[in-house]
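Coordinates from query_35.cif are shown below (mmCIF, N, CA and C atoms).
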data_data
#
loop_
_atom_site.label_atom_id
_atom_site.label_comp_id
_atom_site.auth_asym_id
_atom_site.auth_seq_id
_atom_site.Cartn_x
_atom_site.Cartn_y
_atom_site.Cartn_z
N MET A 4 7.11 -1.36 -6.72
CA MET A 4 8.18 -2.30 -6.42
C MET A 4 8.83 -2.73 -7.72
N GLY A 5 10.10 -2.50 -7.83
CA GLY A 5 10.83 -2.91 -9.02
C GLY A 5 10.37 -2.23 -10.29
N ARG A 6 9.73 -1.08 -10.15
CA ARG A 6 9.18 -0.32 -11.27
C ARG A 6 8.11 -1.08 -12.05
N ARG A 7 7.52 -2.09 -11.44
CA ARG A 7 6.44 -2.83 -12.11
C ARG A 7 5.13 -2.04 -12.08
N GLN A 8 4.99 -1.18 -11.11
CA GLN A 8 3.83 -0.30 -10.97
C GLN A 8 2.52 -1.07 -10.80
N GLU A 9 2.60 -2.11 -10.02
CA GLU A 9 1.39 -2.86 -9.67
C GLU A 9 0.88 -2.32 -8.34
N VAL A 10 0.66 -3.15 -7.34
CA VAL A 10 0.19 -2.66 -6.05
C VAL A 10 1.26 -1.76 -5.44
N CYS A 11 0.82 -0.61 -4.95
CA CYS A 11 1.70 0.38 -4.33
C CYS A 11 2.58 -0.28 -3.27
N GLY A 12 3.86 0.07 -3.27
CA GLY A 12 4.79 -0.48 -2.29
C GLY A 12 4.41 -0.14 -0.86
N ALA A 13 3.81 1.02 -0.64
CA ALA A 13 3.37 1.39 0.71
C ALA A 13 2.30 0.42 1.21
N ILE A 14 1.38 0.07 0.33
CA ILE A 14 0.34 -0.90 0.67
C ILE A 14 0.97 -2.25 0.97
N THR A 15 1.90 -2.67 0.14
CA THR A 15 2.55 -3.95 0.34
C THR A 15 3.25 -4.00 1.69
N GLY A 16 3.94 -2.92 2.04
CA GLY A 16 4.57 -2.85 3.36
C GLY A 16 3.56 -2.94 4.47
N GLY A 17 2.42 -2.26 4.29
CA GLY A 17 1.36 -2.33 5.28
C GLY A 17 0.81 -3.73 5.45
N ILE A 18 0.69 -4.45 4.36
CA ILE A 18 0.20 -5.83 4.42
C ILE A 18 1.20 -6.71 5.16
N LEU A 19 2.49 -6.46 4.96
CA LEU A 19 3.51 -7.20 5.70
C LEU A 19 3.38 -6.96 7.20
N VAL A 20 3.13 -5.72 7.59
CA VAL A 20 2.93 -5.39 9.00
C VAL A 20 1.72 -6.14 9.55
N ILE A 21 0.64 -6.13 8.82
CA ILE A 21 -0.57 -6.84 9.25
C ILE A 21 -0.29 -8.32 9.42
N GLY A 22 0.39 -8.91 8.45
CA GLY A 22 0.71 -10.33 8.54
C GLY A 22 1.60 -10.66 9.73
N ALA A 23 2.58 -9.80 10.00
CA ALA A 23 3.47 -10.02 11.15
C ALA A 23 2.70 -9.87 12.46
N ARG A 24 1.77 -8.94 12.49
CA ARG A 24 1.01 -8.65 13.71
C ARG A 24 -0.05 -9.71 14.01
N TYR A 25 -0.79 -10.13 12.99
CA TYR A 25 -1.95 -10.99 13.21
C TYR A 25 -1.75 -12.43 12.75
N GLY A 26 -0.71 -12.71 12.02
CA GLY A 26 -0.41 -14.08 11.63
C GLY A 26 -1.16 -14.55 10.41
N SER A 27 -0.75 -15.71 9.96
CA SER A 27 -1.35 -16.27 8.75
C SER A 27 -2.23 -17.47 9.04
N GLY A 28 -2.26 -17.92 10.27
CA GLY A 28 -3.07 -19.10 10.58
C GLY A 28 -2.47 -20.37 10.02
N GLY A 29 -1.15 -20.38 9.80
CA GLY A 29 -0.48 -21.54 9.23
C GLY A 29 -0.63 -22.80 10.06
N ASP A 30 -0.98 -22.66 11.32
CA ASP A 30 -1.16 -23.82 12.19
C ASP A 30 -2.61 -24.32 12.17
N GLY A 31 -3.35 -23.91 11.14
CA GLY A 31 -4.74 -24.31 11.02
C GLY A 31 -5.71 -23.36 11.71
N ASN A 32 -5.20 -22.25 12.23
CA ASN A 32 -6.03 -21.28 12.92
C ASN A 32 -6.69 -20.36 11.90
N ARG A 33 -7.87 -20.73 11.47
CA ARG A 33 -8.59 -19.94 10.46
C ARG A 33 -8.98 -18.57 10.99
N THR A 34 -9.15 -18.43 12.29
CA THR A 34 -9.51 -17.14 12.86
C THR A 34 -8.41 -16.12 12.58
N ALA A 35 -7.15 -16.51 12.79
CA ALA A 35 -6.03 -15.61 12.52
C ALA A 35 -5.99 -15.25 11.04
N THR A 36 -6.19 -16.23 10.19
CA THR A 36 -6.18 -15.98 8.75
C THR A 36 -7.28 -15.00 8.37
N GLU A 37 -8.47 -15.22 8.86
CA GLU A 37 -9.59 -14.34 8.53
C GLU A 37 -9.39 -12.93 9.08
N THR A 38 -8.80 -12.81 10.26
CA THR A 38 -8.49 -11.50 10.82
C THR A 38 -7.49 -10.78 9.93
N THR A 39 -6.46 -11.49 9.51
CA THR A 39 -5.44 -10.91 8.64
C THR A 39 -6.06 -10.47 7.32
N TYR A 40 -6.89 -11.30 6.73
CA TYR A 40 -7.55 -10.95 5.46
C TYR A 40 -8.45 -9.73 5.63
N ALA A 41 -9.22 -9.71 6.72
CA ALA A 41 -10.14 -8.59 6.95
C ALA A 41 -9.38 -7.29 7.12
N ARG A 42 -8.31 -7.31 7.88
CA ARG A 42 -7.52 -6.09 8.09
C ARG A 42 -6.82 -5.67 6.80
N THR A 43 -6.36 -6.63 6.02
CA THR A 43 -5.74 -6.32 4.73
C THR A 43 -6.74 -5.63 3.81
N ASN A 44 -7.94 -6.17 3.76
CA ASN A 44 -8.98 -5.56 2.92
C ASN A 44 -9.36 -4.18 3.41
N THR A 45 -9.42 -4.01 4.72
CA THR A 45 -9.73 -2.69 5.28
C THR A 45 -8.64 -1.69 4.90
N LEU A 46 -7.38 -2.09 5.05
CA LEU A 46 -6.26 -1.23 4.66
C LEU A 46 -6.39 -0.81 3.20
N MET A 47 -6.60 -1.77 2.33
CA MET A 47 -6.67 -1.48 0.90
C MET A 47 -7.89 -0.62 0.56
N ASP A 48 -9.01 -0.91 1.17
CA ASP A 48 -10.23 -0.13 0.91
C ASP A 48 -10.08 1.32 1.38
N ARG A 49 -9.57 1.50 2.58
CA ARG A 49 -9.43 2.85 3.11
C ARG A 49 -8.40 3.65 2.32
N PHE A 50 -7.32 3.00 1.93
CA PHE A 50 -6.31 3.67 1.11
C PHE A 50 -6.91 4.09 -0.22
N ALA A 51 -7.64 3.19 -0.87
CA ALA A 51 -8.26 3.50 -2.16
C ALA A 51 -9.28 4.63 -2.03
N GLU A 52 -10.00 4.68 -0.91
CA GLU A 52 -10.94 5.78 -0.69
C GLU A 52 -10.20 7.12 -0.65
N GLN A 53 -9.04 7.13 -0.04
CA GLN A 53 -8.27 8.36 0.11
C GLN A 53 -7.54 8.76 -1.16
N HIS A 54 -7.03 7.76 -1.90
CA HIS A 54 -6.14 8.05 -3.03
C HIS A 54 -6.70 7.66 -4.39
N GLY A 55 -7.82 6.97 -4.41
CA GLY A 55 -8.46 6.62 -5.67
C GLY A 55 -8.05 5.29 -6.25
N SER A 56 -7.02 4.66 -5.70
CA SER A 56 -6.53 3.39 -6.22
C SER A 56 -5.49 2.83 -5.26
N VAL A 57 -5.16 1.56 -5.44
CA VAL A 57 -4.01 0.96 -4.75
C VAL A 57 -2.93 0.59 -5.78
N ILE A 58 -3.18 0.92 -7.03
CA ILE A 58 -2.27 0.57 -8.12
C ILE A 58 -1.32 1.73 -8.40
N CYS A 59 -0.04 1.46 -8.33
CA CYS A 59 0.99 2.48 -8.47
C CYS A 59 0.83 3.31 -9.74
N ARG A 60 0.68 2.67 -10.88
CA ARG A 60 0.63 3.43 -12.15
C ARG A 60 -0.55 4.38 -12.18
N GLN A 61 -1.63 4.02 -11.49
CA GLN A 61 -2.78 4.92 -11.40
C GLN A 61 -2.50 6.05 -10.42
N LEU A 62 -1.87 5.71 -9.30
CA LEU A 62 -1.51 6.75 -8.33
C LEU A 62 -0.55 7.77 -8.94
N LEU A 63 0.34 7.29 -9.81
CA LEU A 63 1.32 8.16 -10.47
C LEU A 63 0.77 8.75 -11.77
N GLN A 64 -0.53 8.68 -11.94
CA GLN A 64 -1.21 9.33 -13.06
C GLN A 64 -0.66 8.90 -14.41
N GLY A 65 -0.35 7.62 -14.53
CA GLY A 65 0.12 7.07 -15.80
C GLY A 65 1.60 7.23 -16.06
N CYS A 66 2.33 7.83 -15.15
CA CYS A 66 3.77 7.99 -15.32
C CYS A 66 4.41 6.61 -15.43
N ASN A 67 5.07 6.34 -16.53
CA ASN A 67 5.63 5.02 -16.82
C ASN A 67 7.08 4.94 -16.32
N LEU A 68 7.26 4.26 -15.20
CA LEU A 68 8.59 4.17 -14.60
C LEU A 68 9.50 3.15 -15.28
N THR A 69 8.99 2.43 -16.27
CA THR A 69 9.83 1.43 -16.94
C THR A 69 10.67 2.05 -18.05
N ILE A 70 10.43 3.33 -18.34
CA ILE A 70 11.21 4.00 -19.39
C ILE A 70 11.89 5.25 -18.83
N ALA A 71 12.97 5.63 -19.45
CA ALA A 71 13.75 6.78 -18.97
C ALA A 71 12.91 8.06 -18.93
N ASP A 72 12.08 8.29 -19.94
CA ASP A 72 11.26 9.51 -19.95
C ASP A 72 10.31 9.54 -18.76
N GLY A 73 9.73 8.40 -18.42
CA GLY A 73 8.84 8.33 -17.27
C GLY A 73 9.58 8.57 -15.96
N GLN A 74 10.76 8.00 -15.85
CA GLN A 74 11.57 8.19 -14.64
C GLN A 74 11.96 9.67 -14.50
N ARG A 75 12.30 10.28 -15.60
CA ARG A 75 12.64 11.71 -15.60
C ARG A 75 11.42 12.54 -15.20
N HIS A 76 10.25 12.20 -15.75
CA HIS A 76 9.01 12.91 -15.41
C HIS A 76 8.73 12.77 -13.90
N PHE A 77 8.93 11.58 -13.36
CA PHE A 77 8.74 11.33 -11.94
C PHE A 77 9.62 12.26 -11.11
N MET A 78 10.88 12.34 -11.47
CA MET A 78 11.83 13.17 -10.73
C MET A 78 11.53 14.66 -10.90
N GLU A 79 11.33 15.09 -12.14
CA GLU A 79 11.11 16.51 -12.42
C GLU A 79 9.85 17.05 -11.76
N ASN A 80 8.87 16.19 -11.57
CA ASN A 80 7.60 16.62 -10.98
C ASN A 80 7.50 16.26 -9.50
N ASP A 81 8.61 15.84 -8.92
CA ASP A 81 8.70 15.55 -7.49
C ASP A 81 7.60 14.60 -7.01
N TYR A 82 7.32 13.57 -7.80
CA TYR A 82 6.28 12.62 -7.43
C TYR A 82 6.60 11.91 -6.12
N MET A 83 7.88 11.74 -5.81
CA MET A 83 8.22 11.08 -4.55
C MET A 83 7.58 11.83 -3.37
N ASN A 84 7.78 13.13 -3.33
CA ASN A 84 7.24 13.92 -2.22
C ASN A 84 5.77 14.26 -2.40
N ARG A 85 5.34 14.43 -3.64
CA ARG A 85 3.95 14.82 -3.90
C ARG A 85 2.97 13.66 -3.83
N ILE A 86 3.44 12.45 -4.20
CA ILE A 86 2.53 11.30 -4.27
C ILE A 86 2.95 10.17 -3.34
N CYS A 87 4.20 9.73 -3.44
CA CYS A 87 4.63 8.54 -2.70
C CYS A 87 4.66 8.76 -1.19
N VAL A 88 5.26 9.85 -0.75
CA VAL A 88 5.34 10.10 0.70
C VAL A 88 3.94 10.20 1.32
N PRO A 89 2.99 10.92 0.72
CA PRO A 89 1.65 10.92 1.29
C PRO A 89 1.01 9.52 1.33
N CYS A 90 1.33 8.69 0.36
CA CYS A 90 0.79 7.32 0.37
C CYS A 90 1.35 6.54 1.56
N VAL A 91 2.64 6.67 1.81
CA VAL A 91 3.25 5.99 2.96
C VAL A 91 2.64 6.50 4.26
N ARG A 92 2.44 7.79 4.36
CA ARG A 92 1.81 8.37 5.56
C ARG A 92 0.40 7.82 5.76
N SER A 93 -0.35 7.72 4.68
CA SER A 93 -1.71 7.18 4.78
C SER A 93 -1.70 5.76 5.30
N VAL A 94 -0.82 4.95 4.75
CA VAL A 94 -0.74 3.55 5.21
C VAL A 94 -0.39 3.50 6.69
N ALA A 95 0.57 4.30 7.12
CA ALA A 95 0.96 4.32 8.54
C ALA A 95 -0.22 4.73 9.42
N THR A 96 -0.97 5.73 9.01
CA THR A 96 -2.12 6.19 9.78
C THR A 96 -3.20 5.12 9.85
N ILE A 97 -3.47 4.49 8.72
CA ILE A 97 -4.50 3.42 8.70
C ILE A 97 -4.05 2.26 9.57
N LEU A 98 -2.78 1.87 9.48
CA LEU A 98 -2.27 0.78 10.30
C LEU A 98 -2.38 1.10 11.78
N GLU A 99 -2.02 2.31 12.13
CA GLU A 99 -2.11 2.73 13.53
C GLU A 99 -3.55 2.57 14.03
N ASP A 100 -4.51 2.96 13.22
CA ASP A 100 -5.91 2.83 13.60
C ASP A 100 -6.32 1.35 13.71
N LEU A 101 -5.91 0.54 12.75
CA LEU A 101 -6.26 -0.88 12.78
C LEU A 101 -5.68 -1.59 14.00
N ILE A 102 -4.44 -1.27 14.33
CA ILE A 102 -3.78 -1.90 15.47
C ILE A 102 -4.41 -1.41 16.77
N ARG A 103 -4.74 -0.15 16.83
CA ARG A 103 -5.39 0.40 18.02
C ARG A 103 -6.74 -0.28 18.26
N GLN A 104 -7.44 -0.63 17.18
CA GLN A 104 -8.74 -1.29 17.31
C GLN A 104 -8.62 -2.70 17.89
N GLY A 105 -7.42 -3.26 17.79
CA GLY A 105 -7.21 -4.58 18.38
C GLY A 105 -7.11 -5.69 17.43
#

Please express what this file holds, its structure, as structure tokens.
Amino acid sequence: MGRRQEVCGAITGGILVIGARYGSGGDGNRTATETTYARTNTLMDRFAEQHGSVICRQLLQGCNLTIADGQRHFMENDYMNRICVPCVRSVATILEDLIRQG
């Protein structure tokens, strides 16, 4: 997100889906909050098991998107299709499983 290369944007999107689906417990409902936290942790853990990390710069094998050379390397090596798209697919699959579980 914003070339900061912190938590993968696919993961962040998945966390937004979990929050929208299960809520934050803002009304004092700790059960909803704990469910959201548990599902968020499951998403992150399963993603990391599959990809080795949830951190963008690690997923991109150190490719530095904050500089022109890094951006060029990203494009020339088709990281979008080789790395990012599979990450988005993984998040979607994990979310589908989490939502199916209830």

**Request:** Apply the PyMOL selection byres ((chain A and resi 14) around 8) to the file shown and report the selected residues as a PyMOL selection string.
**Result:** chain A and resi 10-13+15-20+46-47+57+90-91+94

Those residues you just picked out, can you put them in a file as a CSV table (one decimal), in the coordinates of the input with N, CA and C atoms?
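Output below, filename result21.csv:
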chain,number,residue,atom,x,y,z
A,10,VAL,N,0.7,-3.2,-7.3
A,10,VAL,CA,0.2,-2.7,-6.0
A,10,VAL,C,1.3,-1.8,-5.4
A,11,CYS,N,0.8,-0.6,-5.0
A,11,CYS,CA,1.7,0.4,-4.3
A,11,CYS,C,2.6,-0.3,-3.3
A,12,GLY,N,3.9,0.1,-3.3
A,12,GLY,CA,4.8,-0.5,-2.3
A,12,GLY,C,4.4,-0.1,-0.9
A,13,ALA,N,3.8,1.0,-0.6
A,13,ALA,CA,3.4,1.4,0.7
A,13,ALA,C,2.3,0.4,1.2
A,15,THR,N,1.9,-2.7,0.1
A,15,THR,CA,2.6,-4.0,0.3
A,15,THR,C,3.2,-4.0,1.7
A,16,GLY,N,3.9,-2.9,2.0
A,16,GLY,CA,4.6,-2.8,3.4
A,16,GLY,C,3.6,-2.9,4.5
A,17,GLY,N,2.4,-2.3,4.3
A,17,GLY,CA,1.4,-2.3,5.3
A,17,GLY,C,0.8,-3.7,5.4
A,18,ILE,N,0.7,-4.4,4.4
A,18,ILE,CA,0.2,-5.8,4.4
A,18,ILE,C,1.2,-6.7,5.2
A,19,LEU,N,2.5,-6.5,5.0
A,19,LEU,CA,3.5,-7.2,5.7
A,19,LEU,C,3.4,-7.0,7.2
A,20,VAL,N,3.1,-5.7,7.6
A,20,VAL,CA,2.9,-5.4,9.0
A,20,VAL,C,1.7,-6.1,9.6
A,46,LEU,N,-7.4,-2.1,5.0
A,46,LEU,CA,-6.3,-1.2,4.7
A,46,LEU,C,-6.4,-0.8,3.2
A,47,MET,N,-6.6,-1.8,2.3
A,47,MET,CA,-6.7,-1.5,0.9
A,47,MET,C,-7.9,-0.6,0.6
A,57,VAL,N,-5.2,1.6,-5.4
A,57,VAL,CA,-4.0,1.0,-4.8
A,57,VAL,C,-2.9,0.6,-5.8
A,90,CYS,N,1.3,8.7,0.4
A,90,CYS,CA,0.8,7.3,0.4
A,90,CYS,C,1.4,6.5,1.6
A,91,VAL,N,2.6,6.7,1.8
A,91,VAL,CA,3.2,6.0,3.0
A,91,VAL,C,2.6,6.5,4.3
A,94,VAL,N,-0.8,5.0,4.8
A,94,VAL,CA,-0.7,3.6,5.2
A,94,VAL,C,-0.4,3.5,6.7

Near Thr39 of chain A, counting only C-alpha atoms, which residues have an atom at most 8 Å away, once you skip same-chain residues fewer than 3 positions from it, shown as a list in words? Ile21, Gly22, Tyr25, Gly26, Ser27, Ala35, Thr36, Arg42 and Thr43 of chain A

Å distance separating atom C of Thr69 of chain A from atom CA of Asp81 of chain A, one decimal place: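 Taking atom C of Thr69 of chain A as the start and atom CA of Asp81 of chain A as the end point, the length is 17.3 Å.
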
In terms of only C-alpha atoms, the residue from A:Thr45, A:Gln8, A:Ser56, A:Asn32 at minimal distance from Ile102 of chain A is A:Thr45

Around the point (5.5, 2.3, -11.2) (coordinates from the file), which residues reach within 12 Å if we count only C-alpha atoms? Answer as a ChimeraX atom specification.
/A:4-12,57-70,73-74,76-77,82-83,86-87

Pairwise distance, atom CA of Gln53 of chain A with atom CA of Thr96 of chain A, equals 11.7 Å

Original post:
Can you list, as a ChimeraX atom specification, every residue of chain A that DSSP puts in helix (DSSP H, G or I)?
Top reply: /A:12-25,33-54,59-62,71-79,82-104

Distance of atom C of Arg85 of chain A from atom N of Gly105 of chain A, expressed in Å to one decimal place: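 Atom C of Arg85 of chain A lies at a distance of 29.4 Å from atom N of Gly105 of chain A.
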
Could I get segment 10-26 of chain A from the block written as a PDB file, in the first residue's frame, with N, CA and C atoms?
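File written: part20.pdb
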ATOM      1  N   VAL A  10       2.577  -4.515   5.574  1.00  0.00           N
ATOM      2  CA  VAL A  10       1.673  -5.647   5.422  1.00  0.00           C
ATOM      3  C   VAL A  10       1.115  -5.649   4.001  1.00  0.00           C
ATOM      4  N   CYS A  11       1.134  -6.813   3.385  1.00  0.00           N
ATOM      5  CA  CYS A  11       0.642  -7.000   2.021  1.00  0.00           C
ATOM      6  C   CYS A  11      -0.767  -6.422   1.874  1.00  0.00           C
ATOM      7  N   GLY A  12      -1.002  -5.709   0.790  1.00  0.00           N
ATOM      8  CA  GLY A  12      -2.311  -5.121   0.535  1.00  0.00           C
ATOM      9  C   GLY A  12      -3.413  -6.162   0.425  1.00  0.00           C
ATOM     10  N   ALA A  13      -3.097  -7.345  -0.083  1.00  0.00           N
ATOM     11  CA  ALA A  13      -4.098  -8.412  -0.170  1.00  0.00           C
ATOM     12  C   ALA A  13      -4.561  -8.819   1.226  1.00  0.00           C
ATOM     13  N   ILE A  14      -3.621  -8.926   2.145  1.00  0.00           N
ATOM     14  CA  ILE A  14      -3.953  -9.249   3.534  1.00  0.00           C
ATOM     15  C   ILE A  14      -4.817  -8.144   4.129  1.00  0.00           C
ATOM     16  N   THR A  15      -4.428  -6.908   3.902  1.00  0.00           N
ATOM     17  CA  THR A  15      -5.183  -5.784   4.445  1.00  0.00           C
ATOM     18  C   THR A  15      -6.619  -5.798   3.939  1.00  0.00           C
ATOM     19  N   GLY A  16      -6.793  -6.073   2.650  1.00  0.00           N
ATOM     20  CA  GLY A  16      -8.137  -6.190   2.097  1.00  0.00           C
ATOM     21  C   GLY A  16      -8.914  -7.312   2.747  1.00  0.00           C
ATOM     22  N   GLY A  17      -8.238  -8.433   2.980  1.00  0.00           N
ATOM     23  CA  GLY A  17      -8.882  -9.557   3.648  1.00  0.00           C
ATOM     24  C   GLY A  17      -9.319  -9.208   5.059  1.00  0.00           C
ATOM     25  N   ILE A  18      -8.506  -8.452   5.758  1.00  0.00           N
ATOM     26  CA  ILE A  18      -8.856  -8.034   7.118  1.00  0.00           C
ATOM     27  C   ILE A  18     -10.072  -7.110   7.093  1.00  0.00           C
ATOM     28  N   LEU A  19     -10.156  -6.253   6.079  1.00  0.00           N
ATOM     29  CA  LEU A  19     -11.337  -5.391   5.931  1.00  0.00           C
ATOM     30  C   LEU A  19     -12.596  -6.228   5.732  1.00  0.00           C
ATOM     31  N   VAL A  20     -12.498  -7.278   4.928  1.00  0.00           N
ATOM     32  CA  VAL A  20     -13.636  -8.171   4.706  1.00  0.00           C
ATOM     33  C   VAL A  20     -14.047  -8.831   6.021  1.00  0.00           C
ATOM     34  N   ILE A  21     -13.085  -9.312   6.765  1.00  0.00           N
ATOM     35  CA  ILE A  21     -13.382  -9.946   8.059  1.00  0.00           C
ATOM     36  C   ILE A  21     -14.063  -8.962   8.994  1.00  0.00           C
ATOM     37  N   GLY A  22     -13.542  -7.748   9.069  1.00  0.00           N
ATOM     38  CA  GLY A  22     -14.147  -6.738   9.930  1.00  0.00           C
ATOM     39  C   GLY A  22     -15.573  -6.402   9.526  1.00  0.00           C
ATOM     40  N   ALA A  23     -15.816  -6.295   8.220  1.00  0.00           N
ATOM     41  CA  ALA A  23     -17.166  -5.998   7.739  1.00  0.00           C
ATOM     42  C   ALA A  23     -18.118  -7.158   8.030  1.00  0.00           C
ATOM     43  N   ARG A  24     -17.609  -8.368   7.926  1.00  0.00           N
ATOM     44  CA  ARG A  24     -18.436  -9.564   8.112  1.00  0.00           C
ATOM     45  C   ARG A  24     -18.747  -9.841   9.582  1.00  0.00           C
ATOM     46  N   TYR A  25     -17.745  -9.715  10.450  1.00  0.00           N
ATOM     47  CA  TYR A  25     -17.903 -10.139  11.842  1.00  0.00           C
ATOM     48  C   TYR A  25     -17.984  -8.990  12.838  1.00  0.00           C
ATOM     49  N   GLY A  26     -17.678  -7.794  12.423  1.00  0.00           N
ATOM     50  CA  GLY A  26     -17.822  -6.635  13.290  1.00  0.00           C
ATOM     51  C   GLY A  26     -16.652  -6.411  14.218  1.00  0.00           C
TER      52      GLY A  26
END
